[in-house]
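Peer 1: There's a structure below that I have some questions on.
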Amino acid sequence: MITFESLEENLKFLVLEVENQLTLTFRLLNDADPDLLEKVSAKDDYVDNLKAIIENECFSRLHGDAGKGSDDIRTIRASHAIAVNLERIADYCVNIARQTEYLIDFNHLHQSNFQEMFTLIQSSIEQVLPALKKQNLPQALRICRSEQQLDKLYKENFDWIMARLRTGHFVEDLITTLFIFRYLERIGDSLLNIGEALIFAATGERIKIEQFDALKEVLASPGLEETLTGAEFKSIWGSRSGCRIGRVDMAEGAPAAAQGLYKEGVRAKIRKEKENIELWEKIMPGLAPRILAYRENTDKATLLVEFFEGRTLDSIILGNDDRTLQAAMAALEKTLGEVWQRTRREQATPTDYMGQLKARLGTVRRVHPGFMRSWKAIDQLEIRSSEDLIDRCAAIEQAHPAPFGIQIHGDFNANNVIFNPDSGRINYIDFHRSRQADYIQDVSVFLVSNFRMPVFEPSLRQRLNDVIKRFFAFSADFARNHGDADFELRMALALARSFYTSTRFELNQDFARDMFTRAHYLMEKVLTHSEAASAFRLERQVLYY
Amino acid sequence: MAEYGSFEYESYQDLETIQKFLESLTQGFAKEQIFLSSGDDTIELQPKNLLKFSVSAKKKEDKTKLSIKISWKEGKIKAAKQPLEIGP
């Protein structure tokens, strides 16, 4: 456990200095006392130093101490952001003070309403340390909101100055006065940063005030009469898909939905997710989370869904409890078997694995510029380019649609499946790509989501390989039982797509190159296969690292 | 065609294809000329006379590696450098 005594102390000093700078600046504007200008300027270096000391302390703590908890790291990060912004506020005080040198007379300034802005800034600064110490969310939110109030006051004064400027008199003094208000408005921006850092310290969520307002609106839905102050906000995971996800624990006395998962993002995506959840509720009640609340505006939407107790499958696979893993896999296969059975529609279903691969090539190349093979030849033997392989495989793919379609999850990574060891239940999360398609899409994504885990410790790798082997056998059985003769050929194409596109998440060059090379091997095998598609055999070794 | 250059290729193959690659190289050795191309770049190798040939293998529990290396001197003699002269 590390102590925050000196960090806290130095932050306290910094707050005191900033308060002092604000008071001096206020008095300078009020009393027009030129001695005060010098005092404000003289403090600048000291404030700078204090910030540097705090920064050093933050970084050396992050770097030096072992055994820091996530709370400690949060406090350090927040303290750093607070110090940087406090110092900026002190700088703005110096900027304001220096403007007074250009004032011919203070009259116009005195007729404006700068006092109210100062009062608001000072009361916000007073709340910074208590909010950090007690991880007080309402106080943090008050600091955030002061920015909006400061903006409003700025606008009022701006309009007042503009009106006077139009008379054509006292232009210099009015412009200088406007500059002073502009700096006061900028102080509001720094206060907002401080407020957001305090929210982060209290919740572990890097969340913007507008997002918090959206959440509040969702929580205020009928049946969920819960105020934000009573809700504890916890972070579970970040999302690669650009949605914000967070977990909300309701306070005591909250309705039956004790916990919720909050998602906010682009409207079309969140709406799709909601519609798909509703569809899944019909397919297999209880597999998808219940929707607790949904709100949308012109471009964003917010969704609050039931939070599942349990563990994501990837964490079970990488854990060390073999019995739980076997139970999870058995439950997964049972669930999938039922879903596939219930949603199966006997009609040729085209696939688009090569199209999906092409659509992601840009991102792959941004991460790995060399991952696009050009045409090559080793004397008389020609080697096809990546592009040529993809195009030719696309033609083969078109000629071999899946014999039936099922409702796929659409993003069937191991971390989108949750298993609850106590109830033995499987749940899915993240539904925005769910649609009627080839079941092999889900299978291949699941297989490669295991393969691509950057885990090389032999016993863990063995667990991954075992899961891959078992799951492949399960889906091959399903194919056999349902007369899907081209299963292995389509699987090769789907795997090629997943191997190739997974490289965009992998910075380990050797591992990424291995997946890139496997993708090419699979496409070459499909192309050189000259017999009937049903005779194609997938080399199983390609599934294991 | 560039006079100097390099070529690289890495892949997964089955046994049958490996043999095709080796055959292609074997034929190149027979005609003392091997072309290696990548995109618009081609280098021509002319193996002849004295070739250095090494084979090494490593067999481990989970992985085996067989390396074949063939190298030769191009036989071009670099022009001797003019001695440095200091002018008046």
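Letters for chains follow the order of the structure tokens (A, B, ...), residue numbers begin at 1 for each chain, and ligand numbers begin at 1 in the order shown.
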Taking only C-alpha atoms into account, report as a ChimeraX atom specification which residues of chain A lie within 9 Å of chain B.
Peer 2: /A:373-382,385,514,517-518,520-522,525
Peer 1: Got a sec: who's within 9 Å of stretch 62-75 of chain B, counting only C-alpha atoms, leaving out chain neighbours fewer than 3 positions off, as number ranges by chain?
Peer 2: B: 46-59
Peer 1: Would you write out those residues with C-alpha atoms, as a short mmCIF file (atom, residue, chain, number, x, y, z; two decimals), in the first residue's frame?
Peer 2:
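Dumped everything to out_0.cif:
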data_model
loop_
_atom_site.label_atom_id
_atom_site.label_comp_id
_atom_site.auth_asym_id
_atom_site.auth_seq_id
_atom_site.Cartn_x
_atom_site.Cartn_y
_atom_site.Cartn_z
CA GLN B 46 23.86 -17.56 -61.87
CA PRO B 47 25.14 -20.39 -59.74
CA LYS B 48 28.31 -21.91 -61.18
CA ASN B 49 31.76 -23.26 -60.48
CA LEU B 50 32.45 -23.66 -56.83
CA LEU B 51 29.36 -23.57 -54.60
CA LYS B 52 29.35 -23.73 -50.85
CA PHE B 53 26.63 -26.09 -49.66
CA SER B 54 25.52 -26.73 -46.12
CA VAL B 55 22.72 -28.71 -44.61
CA SER B 56 21.76 -28.39 -40.98
CA ALA B 57 18.91 -29.81 -39.00
CA LYS B 58 17.54 -29.43 -35.52
CA LYS B 59 14.97 -31.77 -34.10
#
Peer 1: Which residues in stretch 6-88 of chain B does DSSP call alpha helix (DSSP H)? List them as a list in words.
Peer 2: Leu15, Glu16, Thr17, Ile18, Gln19, Lys20, Phe21, Leu22, Glu23, Ser24, Leu25, Thr26, Gln27, Gly28, Phe29 and Ala30 of chain B
Peer 1: To test your reading of the structure, identify every residue in stretch 425-504 of chain A that backbone DSSP assigns to strand (DSSP E), and report it as a ChimeraX atom specification.
Peer 2: /A:425-428,435-437
Peer 1: Please compute the atom CA of A:Gln341-atom CA of A:Asp314 distance, one decimal, in Å.
Peer 2: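 Atom CA of A:Asp314 lies 25.2 Å from atom CA of A:Gln341.
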Peer 1: One decimal, Å: what's the distance from atom CA of A:Asp31 over to atom CA of A:Leu109, could you say?
Peer 2: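 Atom CA of A:Leu109 lies at a distance of 11.2 Å from atom CA of A:Asp31.
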Peer 1: Extract, using only C-alpha atoms, all DNA, RNA and protein residues at most 10 Å from A:Leu28, discarding same-chain residues fewer than 3 positions from it, and format them as a VMD selection string.
Peer 2: chain A and resid 22 to 25 31 to 37 39 to 40 96 to 97 100
Peer 1: Please identify all polymer residues within 9 Å of A:Asn193, counting only C-alpha atoms, omitting same-chain residues fewer than 5 positions from it, and present them as number ranges by chain.
Peer 2: A: 81-82, 85, 144, 188, 198
Peer 1: Could you turn the residues from that selection into a file that holds N, CA and C atoms, as a CSV table (one decimal), in the first residue's frame?
Peer 2:
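Written file, selection.csv:
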chain,number,residue,atom,x,y,z
A,81,ALA,N,-3.8,15.0,-13.6
A,81,ALA,CA,-4.7,15.8,-14.5
A,81,ALA,C,-5.1,17.1,-13.7
A,82,ILE,N,-5.4,16.9,-12.4
A,82,ILE,CA,-5.8,18.1,-11.6
A,82,ILE,C,-4.7,19.1,-11.5
A,85,ASN,N,-4.2,21.1,-14.7
A,85,ASN,CA,-5.2,22.1,-15.0
A,85,ASN,C,-5.2,23.2,-14.0
A,144,CYS,N,-17.9,20.0,-12.8
A,144,CYS,CA,-18.1,19.9,-14.2
A,144,CYS,C,-19.1,20.9,-14.7
A,188,GLY,N,-12.9,28.0,-17.1
A,188,GLY,CA,-14.0,27.1,-17.0
A,188,GLY,C,-13.7,25.8,-17.7
A,198,LEU,N,-11.9,14.0,-11.6
A,198,LEU,CA,-12.5,13.6,-10.3
A,198,LEU,C,-13.5,12.5,-10.5
Peer 1: When you look at A:Ala288 with a cut-off of 12 Å (counting only C-alpha atoms), what residues show up, excluding the ones that are within fewer than 6 positions of it in the same chain? I need them as a ChimeraX atom specification.
Peer 2: /A:273-282,305-308,335,409,416-418,425-432,434
Peer 1: Mind dumping the selected residues with C-alpha atoms as an mmCIF file, in the first residue's frame?
Peer 2:
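The resulting file, part_29.cif, is reproduced below:
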data_model
loop_
_atom_site.group_PDB
_atom_site.id
_atom_site.type_symbol
_atom_site.label_atom_id
_atom_site.label_comp_id
_atom_site.auth_asym_id
_atom_site.auth_seq_id
_atom_site.Cartn_x
_atom_site.Cartn_y
_atom_site.Cartn_z
ATOM 1 C CA GLU A 273 -28.159 -3.864 -30.875
ATOM 2 C CA LYS A 274 -31.501 -3.219 -29.217
ATOM 3 C CA GLU A 275 -33.482 -4.685 -32.107
ATOM 4 C CA ASN A 276 -31.273 -7.747 -32.188
ATOM 5 C CA ILE A 277 -31.625 -8.284 -28.446
ATOM 6 C CA GLU A 278 -35.403 -8.214 -28.899
ATOM 7 C CA LEU A 279 -35.107 -10.743 -31.710
ATOM 8 C CA TRP A 280 -32.918 -13.044 -29.618
ATOM 9 C CA GLU A 281 -35.362 -12.840 -26.760
ATOM 10 C CA LYS A 282 -37.863 -14.514 -29.093
ATOM 11 C CA VAL A 305 -29.331 -3.839 -20.241
ATOM 12 C CA GLU A 306 -29.290 -6.547 -17.629
ATOM 13 C CA PHE A 307 -25.838 -7.375 -16.340
ATOM 14 C CA PHE A 308 -24.959 -11.067 -16.349
ATOM 15 C CA THR A 335 -26.869 -23.666 -26.488
ATOM 16 C CA HIS A 409 -24.222 -13.830 -33.332
ATOM 17 C CA ASN A 416 -18.669 -12.117 -26.051
ATOM 18 C CA VAL A 417 -19.854 -15.318 -24.382
ATOM 19 C CA ILE A 418 -20.517 -15.407 -20.650
ATOM 20 C CA ARG A 425 -26.050 -20.916 -18.080
ATOM 21 C CA ILE A 426 -24.538 -19.391 -21.211
ATOM 22 C CA ASN A 427 -25.302 -15.812 -22.170
ATOM 23 C CA TYR A 428 -24.320 -13.777 -25.186
ATOM 24 C CA ILE A 429 -23.448 -10.111 -25.246
ATOM 25 C CA ASP A 430 -22.862 -7.608 -28.035
ATOM 26 C CA PHE A 431 -25.459 -8.248 -30.713
ATOM 27 C CA HIS A 432 -25.193 -5.446 -33.210
ATOM 28 C CA SER A 434 -26.330 -10.535 -35.505
#
